[in-house]
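The file target_35.cif comes next; it holds mmCIF, C-alpha atoms.
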```cif
data_upload
#
loop_
_atom_site.group_PDB
_atom_site.id
_atom_site.type_symbol
_atom_site.label_atom_id
_atom_site.label_comp_id
_atom_site.auth_asym_id
_atom_site.auth_seq_id
_atom_site.Cartn_x
_atom_site.Cartn_y
_atom_site.Cartn_z
ATOM 1 C CA MET A 1 162.318 -219.954 -29.324
ATOM 2 C CA LYS A 2 163.343 -217.294 -31.789
ATOM 3 C CA LYS A 3 159.907 -215.740 -31.457
ATOM 4 C CA ILE A 4 160.212 -215.550 -27.677
ATOM 5 C CA ARG A 5 163.602 -213.864 -27.957
ATOM 6 C CA THR A 6 162.189 -211.347 -30.403
ATOM 7 C CA MET A 7 159.345 -210.535 -28.066
ATOM 8 C CA ALA A 8 161.703 -210.176 -25.118
ATOM 9 C CA GLY A 9 163.834 -207.797 -27.132
ATOM 10 C CA GLY A 10 160.773 -205.735 -27.976
ATOM 11 C CA PHE A 11 159.734 -205.481 -24.366
ATOM 12 C CA ALA A 12 163.217 -204.477 -23.347
ATOM 13 C CA ALA A 13 163.352 -201.767 -25.989
ATOM 14 C CA ALA A 14 159.948 -200.450 -24.911
ATOM 15 C CA ALA A 15 161.071 -200.379 -21.305
ATOM 16 C CA VAL A 16 164.229 -198.463 -22.185
ATOM 17 C CA MET A 17 162.252 -195.932 -24.242
ATOM 18 C CA THR A 18 159.741 -195.479 -21.456
ATOM 19 C CA MET A 19 162.394 -194.866 -18.848
ATOM 20 C CA SER A 20 164.703 -192.739 -20.918
ATOM 21 C CA GLY A 21 162.909 -191.376 -23.979
ATOM 22 C CA PHE A 22 159.557 -190.449 -22.501
ATOM 23 C CA GLY A 23 161.059 -189.546 -19.148
ATOM 24 C CA TYR A 24 163.322 -187.045 -20.839
ATOM 25 C CA ALA A 25 160.309 -185.177 -22.212
ATOM 26 C CA ALA A 26 159.188 -184.309 -18.685
ATOM 27 C CA ALA A 27 160.237 -181.046 -17.078
ATOM 28 C CA GLN A 28 163.800 -181.086 -15.863
ATOM 29 C CA PRO A 29 164.856 -179.493 -12.601
ATOM 30 C CA GLY A 30 165.574 -175.858 -13.356
ATOM 31 C CA ASP A 31 163.712 -175.889 -16.670
ATOM 32 C CA PHE A 32 161.195 -173.123 -16.150
ATOM 33 C CA SER A 33 160.655 -172.172 -19.780
ATOM 34 C CA THR A 34 157.300 -173.904 -20.045
ATOM 35 C CA LEU A 35 155.887 -172.516 -16.802
ATOM 36 C CA PRO A 36 154.292 -169.201 -17.886
ATOM 37 C CA VAL A 37 150.867 -169.612 -19.478
ATOM 38 C CA ASP A 38 150.382 -167.721 -22.734
ATOM 39 C CA PRO A 39 147.390 -165.366 -22.332
ATOM 40 C CA ASN A 40 146.425 -166.067 -25.917
ATOM 41 C CA LEU A 41 144.845 -169.248 -24.574
ATOM 42 C CA ILE A 42 141.963 -167.110 -23.341
ATOM 43 C CA THR A 43 141.871 -164.458 -26.095
ATOM 44 C CA ASP A 44 141.244 -164.458 -29.825
ATOM 45 C CA SER A 45 144.564 -166.383 -29.907
ATOM 46 C CA LEU A 46 146.625 -163.598 -31.496
ATOM 47 C CA ALA A 47 146.164 -160.681 -29.145
ATOM 48 C CA TYR A 48 149.508 -160.916 -27.315
ATOM 49 C CA ASN A 49 153.112 -161.224 -28.358
ATOM 50 C CA ALA A 50 155.525 -162.844 -25.918
ATOM 51 C CA ALA A 51 158.978 -161.472 -25.210
ATOM 52 C CA PRO A 52 161.774 -163.968 -24.642
ATOM 53 C CA PRO A 53 161.577 -165.368 -21.091
ATOM 54 C CA VAL A 54 163.905 -163.970 -18.464
ATOM 55 C CA PHE A 55 165.314 -166.710 -16.254
ATOM 56 C CA ASN A 56 166.048 -166.167 -12.581
ATOM 57 C CA PRO A 57 164.668 -162.623 -12.444
ATOM 58 C CA ASN A 58 166.340 -160.463 -9.793
ATOM 59 C CA GLY A 59 168.603 -163.373 -8.957
ATOM 60 C CA GLN A 60 165.778 -165.605 -7.759
ATOM 61 C CA PRO A 61 165.179 -169.038 -9.308
ATOM 62 C CA GLY A 62 162.264 -168.897 -11.702
ATOM 63 C CA VAL A 63 161.104 -167.252 -14.901
ATOM 64 C CA GLU A 64 159.459 -164.042 -16.028
ATOM 65 C CA THR A 65 157.711 -163.434 -19.353
ATOM 66 C CA VAL A 66 156.145 -160.217 -20.644
ATOM 67 C CA TYR A 67 153.199 -160.446 -23.039
ATOM 68 C CA THR A 68 152.347 -157.271 -24.956
ATOM 69 C CA HIS A 69 149.012 -156.647 -26.643
ATOM 70 C CA ARG A 70 149.301 -156.144 -30.398
ATOM 71 C CA ASP A 71 148.102 -152.554 -30.056
ATOM 72 C CA GLY A 72 150.817 -151.897 -27.464
ATOM 73 C CA SER A 73 148.414 -150.524 -24.867
ATOM 74 C CA ARG A 74 148.323 -153.521 -22.515
ATOM 75 C CA THR A 75 150.930 -155.796 -20.973
ATOM 76 C CA ILE A 76 150.721 -158.955 -18.889
ATOM 77 C CA THR A 77 153.841 -159.846 -16.929
ATOM 78 C CA THR A 78 153.970 -163.336 -15.443
ATOM 79 C CA THR A 79 156.628 -164.139 -12.857
ATOM 80 C CA VAL A 80 156.941 -167.617 -11.344
ATOM 81 C CA LEU A 81 159.557 -168.126 -8.642
ATOM 82 C CA VAL A 82 160.535 -171.681 -7.720
ATOM 83 C CA LEU A 83 161.744 -171.701 -4.131
ATOM 84 C CA PRO A 84 162.983 -174.382 -1.743
ATOM 85 C CA ASP A 85 159.664 -174.841 0.052
ATOM 86 C CA ALA A 86 156.166 -173.489 0.549
ATOM 87 C CA ALA A 87 157.200 -171.266 3.426
ATOM 88 C CA ALA A 88 159.801 -169.561 1.286
ATOM 89 C CA ALA A 89 157.227 -169.146 -1.488
ATOM 90 C CA ALA A 90 154.724 -167.547 0.880
ATOM 91 C CA SER A 91 157.424 -165.279 2.195
ATOM 92 C CA ALA A 92 158.415 -164.228 -1.322
ATOM 93 C CA LEU A 93 154.863 -163.147 -2.051
ATOM 94 C CA GLY A 94 154.754 -160.760 0.871
ATOM 95 C CA GLY A 95 154.316 -157.320 -0.609
ATOM 96 C CA ALA A 96 154.312 -158.613 -4.182
ATOM 97 C CA SER A 97 152.347 -155.582 -5.323
ATOM 98 C CA THR A 98 154.472 -153.110 -3.384
ATOM 99 C CA GLY A 99 155.927 -150.597 -5.778
ATOM 100 C CA LEU A 100 153.598 -151.726 -8.569
ATOM 101 C CA VAL A 101 150.259 -150.403 -7.331
ATOM 102 C CA ALA A 102 149.589 -147.134 -5.574
ATOM 103 C CA ASN A 103 146.598 -146.950 -3.232
ATOM 104 C CA GLY A 104 145.534 -150.363 -4.437
ATOM 105 C CA LYS A 105 142.421 -152.163 -3.333
ATOM 106 C CA ALA A 106 143.246 -155.712 -2.228
ATOM 107 C CA GLN A 107 140.808 -158.594 -2.208
ATOM 108 C CA PRO A 108 141.114 -162.366 -1.836
ATOM 109 C CA ALA A 109 141.269 -164.360 -5.059
ATOM 110 C CA ALA A 110 140.285 -168.015 -5.351
ATOM 111 C CA VAL A 111 143.532 -169.036 -7.034
ATOM 112 C CA GLY A 112 146.102 -171.394 -5.509
ATOM 113 C CA SER A 113 146.954 -170.632 -1.888
ATOM 114 C CA ASP A 114 146.984 -167.134 -0.454
ATOM 115 C CA GLY A 115 145.516 -165.804 -3.693
ATOM 116 C CA THR A 116 145.268 -162.012 -3.656
ATOM 117 C CA MET A 117 144.226 -159.491 -6.287
ATOM 118 C CA VAL A 118 145.266 -155.852 -5.916
ATOM 119 C CA THR A 119 143.731 -153.249 -8.227
ATOM 120 C CA GLY A 120 144.791 -149.650 -8.586
ATOM 121 C CA MET A 121 147.008 -147.298 -10.513
ATOM 122 C CA SER A 122 150.716 -147.215 -11.152
ATOM 123 C CA PRO A 123 152.670 -145.001 -8.747
ATOM 124 C CA ASP A 124 152.856 -142.210 -11.356
ATOM 125 C CA GLY A 125 149.147 -142.515 -12.137
ATOM 126 C CA SER A 126 149.679 -143.103 -15.827
ATOM 127 C CA ARG A 127 148.521 -146.740 -15.949
ATOM 128 C CA SER A 128 145.864 -148.972 -14.485
ATOM 129 C CA VAL A 129 147.462 -151.927 -12.715
ATOM 130 C CA THR A 130 146.075 -155.198 -11.386
ATOM 131 C CA VAL A 131 148.364 -157.662 -9.631
ATOM 132 C CA LEU A 132 147.320 -161.249 -8.952
ATOM 133 C CA SER A 133 149.590 -163.239 -6.664
ATOM 134 C CA PHE A 134 149.342 -166.749 -5.259
ATOM 135 C CA VAL A 135 151.344 -169.655 -3.893
ATOM 136 C CA GLU A 136 151.264 -173.177 -5.268
ATOM 137 C CA GLY A 137 153.504 -175.583 -3.379
ATOM 138 C CA ASN A 138 156.998 -174.174 -3.482
ATOM 139 C CA THR A 139 156.216 -171.632 -6.207
ATOM 140 C CA ALA A 140 155.274 -167.974 -5.831
ATOM 141 C CA THR A 141 153.474 -166.457 -8.806
ATOM 142 C CA THR A 142 152.754 -162.832 -9.652
ATOM 143 C CA ILE A 143 150.791 -161.781 -12.725
ATOM 144 C CA GLU A 144 150.711 -158.051 -13.404
ATOM 145 C CA PHE A 145 148.159 -156.547 -15.791
ATOM 146 C CA SER A 146 148.926 -153.020 -16.966
ATOM 147 C CA GLY A 147 146.683 -150.939 -19.222
ATOM 148 C CA ALA A 148 145.472 -147.451 -19.983
ATOM 149 C CA PRO A 149 144.087 -145.517 -16.986
ATOM 150 C CA LYS A 150 140.493 -146.087 -18.074
ATOM 151 C CA ASP A 151 141.081 -149.615 -19.325
ATOM 152 C CA PRO A 152 141.780 -151.813 -16.291
ATOM 153 C CA ALA A 153 141.991 -155.565 -16.770
ATOM 154 C CA PRO A 154 138.596 -157.260 -16.240
ATOM 155 C CA SER A 155 138.633 -159.277 -13.040
ATOM 156 C CA ASP A 156 137.186 -162.343 -14.778
ATOM 157 C CA LEU A 157 140.124 -162.371 -17.193
ATOM 158 C CA VAL A 158 142.572 -161.936 -14.308
ATOM 159 C CA LEU A 159 141.104 -164.885 -12.429
ATOM 160 C CA GLU A 160 140.823 -167.083 -15.521
ATOM 161 C CA LEU A 161 144.457 -166.594 -16.467
ATOM 162 C CA GLY A 162 145.504 -167.052 -12.843
ATOM 163 C CA ARG A 163 143.696 -170.367 -12.589
ATOM 164 C CA LYS A 164 145.215 -171.615 -15.824
ATOM 165 C CA GLN A 165 148.627 -170.606 -14.521
ATOM 166 C CA ASP A 166 147.974 -172.436 -11.259
ATOM 167 C CA THR A 167 146.984 -175.571 -13.163
ATOM 168 C CA ALA A 168 150.098 -175.361 -15.322
ATOM 169 C CA ILE A 169 152.298 -175.093 -12.227
ATOM 170 C CA ARG A 170 150.646 -178.112 -10.613
ATOM 171 C CA ASP A 171 151.078 -180.115 -13.806
ATOM 172 C CA TRP A 172 154.725 -179.048 -13.972
ATOM 173 C CA GLN A 173 155.290 -180.066 -10.357
ATOM 174 C CA ALA A 174 153.664 -183.450 -10.938
ATOM 175 C CA ALA A 175 155.722 -184.208 -14.016
ATOM 176 C CA MET B 1 72.361 -140.924 -89.271
ATOM 177 C CA ARG B 2 75.882 -142.087 -88.372
ATOM 178 C CA LYS B 3 77.090 -138.478 -88.108
ATOM 179 C CA PHE B 4 74.217 -137.673 -85.831
ATOM 180 C CA GLY B 5 75.134 -140.590 -83.583
ATOM 181 C CA MET B 6 78.784 -139.536 -83.406
ATOM 182 C CA ALA B 7 77.805 -135.988 -82.487
ATOM 183 C CA LEU B 8 75.477 -137.246 -79.811
ATOM 184 C CA ALA B 9 78.190 -139.418 -78.311
ATOM 185 C CA ILE B 10 80.679 -136.532 -78.201
ATOM 186 C CA VAL B 11 78.157 -134.240 -76.524
ATOM 187 C CA ALA B 12 77.320 -136.918 -73.982
ATOM 188 C CA MET B 13 80.963 -137.481 -73.168
ATOM 189 C CA MET B 14 81.710 -133.784 -72.701
ATOM 190 C CA SER B 15 78.683 -133.170 -70.550
ATOM 191 C CA GLY B 16 79.627 -136.131 -68.346
ATOM 192 C CA SER B 17 83.139 -134.801 -67.690
ATOM 193 C CA VAL B 18 81.840 -131.388 -66.752
ATOM 194 C CA ALA B 19 79.250 -132.827 -64.398
ATOM 195 C CA THR B 20 81.820 -134.988 -62.644
ATOM 196 C CA ALA B 21 84.144 -132.037 -62.179
ATOM 197 C CA GLN B 22 81.428 -129.984 -60.633
ATOM 198 C CA THR B 23 80.586 -132.800 -58.234
ATOM 199 C CA ALA B 24 84.229 -133.134 -57.106
ATOM 200 C CA TYR B 25 84.565 -129.408 -56.597
ATOM 201 C CA ALA B 26 81.366 -129.413 -54.562
ATOM 202 C CA ALA B 27 82.778 -132.128 -52.310
ATOM 203 C CA GLN B 28 85.923 -130.144 -51.670
ATOM 204 C CA SER B 29 84.196 -126.892 -50.975
ATOM 205 C CA SER B 30 82.134 -128.537 -48.256
ATOM 206 C CA HIS B 31 85.325 -129.289 -46.138
ATOM 207 C CA ASP B 32 85.642 -127.089 -43.059
ATOM 208 C CA THR B 33 89.064 -125.418 -43.237
ATOM 209 C CA SER B 34 88.637 -123.332 -40.117
ATOM 210 C CA THR B 35 89.549 -126.210 -37.747
ATOM 211 C CA TYR B 36 93.274 -126.627 -36.915
ATOM 212 C CA THR B 37 94.516 -130.150 -36.244
ATOM 213 C CA GLN B 38 97.565 -130.436 -33.985
ATOM 214 C CA PRO B 39 100.106 -132.833 -35.533
ATOM 215 C CA ALA B 40 101.239 -135.690 -33.353
ATOM 216 C CA VAL B 41 104.426 -134.981 -31.401
ATOM 217 C CA PRO B 42 106.930 -137.854 -31.114
ATOM 218 C CA VAL B 43 107.297 -138.923 -27.486
ATOM 219 C CA GLY B 44 110.725 -140.494 -27.921
ATOM 220 C CA PRO B 45 112.944 -142.543 -30.187
ATOM 221 C CA GLN B 46 111.066 -145.238 -31.961
ATOM 222 C CA VAL B 47 114.141 -147.450 -32.356
ATOM 223 C CA GLN B 48 115.739 -149.082 -29.302
ATOM 224 C CA PRO B 49 119.526 -148.689 -29.485
ATOM 225 C CA LEU B 50 121.172 -152.102 -29.514
ATOM 226 C CA ASP B 51 124.776 -151.140 -28.884
ATOM 227 C CA CYS B 52 126.929 -148.150 -28.017
ATOM 228 C CA PHE B 53 126.297 -146.601 -31.428
ATOM 229 C CA GLY B 54 122.564 -147.147 -31.525
ATOM 230 C CA THR B 55 122.711 -149.671 -34.313
ATOM 231 C CA THR B 56 122.019 -153.355 -34.359
ATOM 232 C CA GLY B 57 125.468 -154.148 -32.994
ATOM 233 C CA GLY B 58 128.668 -155.092 -34.748
ATOM 234 C CA MET B 59 129.535 -158.776 -35.092
ATOM 235 C CA GLY B 60 126.344 -159.818 -33.348
ATOM 236 C CA CYS B 61 127.109 -158.105 -30.028
ATOM 237 C CA GLY B 62 123.953 -157.704 -27.975
ATOM 238 C CA PRO B 63 122.458 -154.587 -26.396
ATOM 239 C CA GLY B 64 124.982 -152.761 -24.232
ATOM 240 C CA TRP B 65 127.962 -154.477 -25.842
ATOM 241 C CA VAL B 66 130.433 -153.275 -28.440
ATOM 242 C CA TRP B 67 132.904 -155.050 -30.693
ATOM 243 C CA ARG B 68 136.493 -153.909 -30.131
ATOM 244 C CA ASP B 69 140.074 -155.088 -29.627
ATOM 245 C CA GLY B 70 140.430 -155.278 -25.852
ATOM 246 C CA TRP B 71 142.044 -157.365 -23.140
ATOM 247 C CA ARG B 72 140.707 -160.561 -24.711
ATOM 248 C CA GLY B 73 141.515 -159.420 -28.238
ATOM 249 C CA TRP B 74 138.680 -158.882 -30.705
ATOM 250 C CA ALA B 75 135.454 -159.599 -28.845
ATOM 251 C CA CYS B 76 132.221 -158.094 -27.522
ATOM 252 C CA TYR B 77 132.824 -155.861 -24.499
ATOM 253 C CA PRO B 78 130.381 -153.976 -22.279
ATOM 254 C CA CYS B 79 129.904 -150.349 -23.310
#
```
Would you mind writing the file's structure down as structure tokens?
Amino acid sequence: MKKIRTMAGGFAAAAVMTMSGFGYAAAQPGDFSTLPVDPNLITDSLAYNAAPPVFNPNGQPGVETVYTHRDGSRTITTTVLVLPDAAAAASALGGASTGLVANGKAQPAAVGSDGTMVTGMSPDGSRSVTVLSFVEGNTATTIEFSGAPKDPAPSDLVLELGRKQDTAIRDWQAA
Amino acid sequence: MRKFGMALAIVAMMSGSVATAQTAYAAQSSHDTSTYTQPAVPVGPQVQPLDCFGTTGGMGCGPGWVWRDGWRGWACYPC
């Protein structure tokens, strides 16, 4: 009898830990800190240094993180906005590259929904700029790659990071 | 008798050297020096450049690739 009670207690404790302890480790509503994907996942692992994340950039719910190459010549800025629904996310992406790219060349990108990649120069012509934007559920993501005029971000790197970011958002939404 | 033999050997050795020298000189003098031979002109580089600097490539980068710190950090990039 004592053995049965011990086992019951164990099961109860496991159930409590599963529902509270493990559940707590999942993403909480409004916790966007883990959303941006570190570009070092697809580099030599030390190429970029991350600045502290900026929450709710421009007053919109979400997060923005700037990653700077160790030589200071390249930056990757990831912005993920978490909006009420997919329609709001799609609306937020409208003109995502406006003001970032001058005379940019836009092309579809196979990332998330409405994936678009715009390549060009900064408005003052001093930097090469590539902007990848896409929607995933109720999130709108923009990843901006900025480098020297003759050193634009390779499109394969842009797409690879975009797809990893899309996967991270889906995992975050499912958690 | 021994002295005579030694003298004979020395004479034979000296005469042999002189005869050989004359033969070699004769061979050289028979070469026709009036004909001019055009040296071969290289048609191009004999070594195929393997990277941007024409060497075998840093860090094992293949032809047309160079090792540098770029968007993906330290890696091989197209020239």
Option closest in space to His69 (chain A), from A:Ala175, A:Val54, A:Ala148, A:Ala86 [counting only C-alpha atoms]: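 Counting only C-alpha atoms, the residue closest to His69 (chain A) is A:Ala148.
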Chain and number of each residue from the PyMOL selection byres ((chain A and resi 33-44) around 10), as JSON, numbers by chain: {"A": [27, 30, 31, 32, 45, 46, 47, 48, 49, 50, 52, 53, 54, 55, 62, 63, 64, 65, 66, 67, 68, 69, 76, 77, 78, 79, 80, 81, 141, 143, 157, 158, 160, 161, 162, 163, 164, 165, 166, 167, 168, 169, 170, 171, 172, 173], "B": [69, 70, 71, 72, 73, 74, 75]}
Spatial sel., origin (126.8, -153.4, -23.3), limit 6 Å, all atoms listed in the file, listed as a list of chain:residue names: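 Collected hits near the coordinates: B:Pro63, B:Gly64, B:Trp65, B:Pro78, B:Cys79.
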Answer key for the PyMOL selection byres ((chain A and resi 150) around 12), residues as a VMD selection string: chain A and resid 73 to 74 120 to 121 125 to 129 146 to 149 151 to 154
Expansion of the PyMOL selection byres ((chain A and resi 140) around 8) into residues, as a ChimeraX atom specification: /A:80-83,89-90,92-93,133-136,138-139,141-142
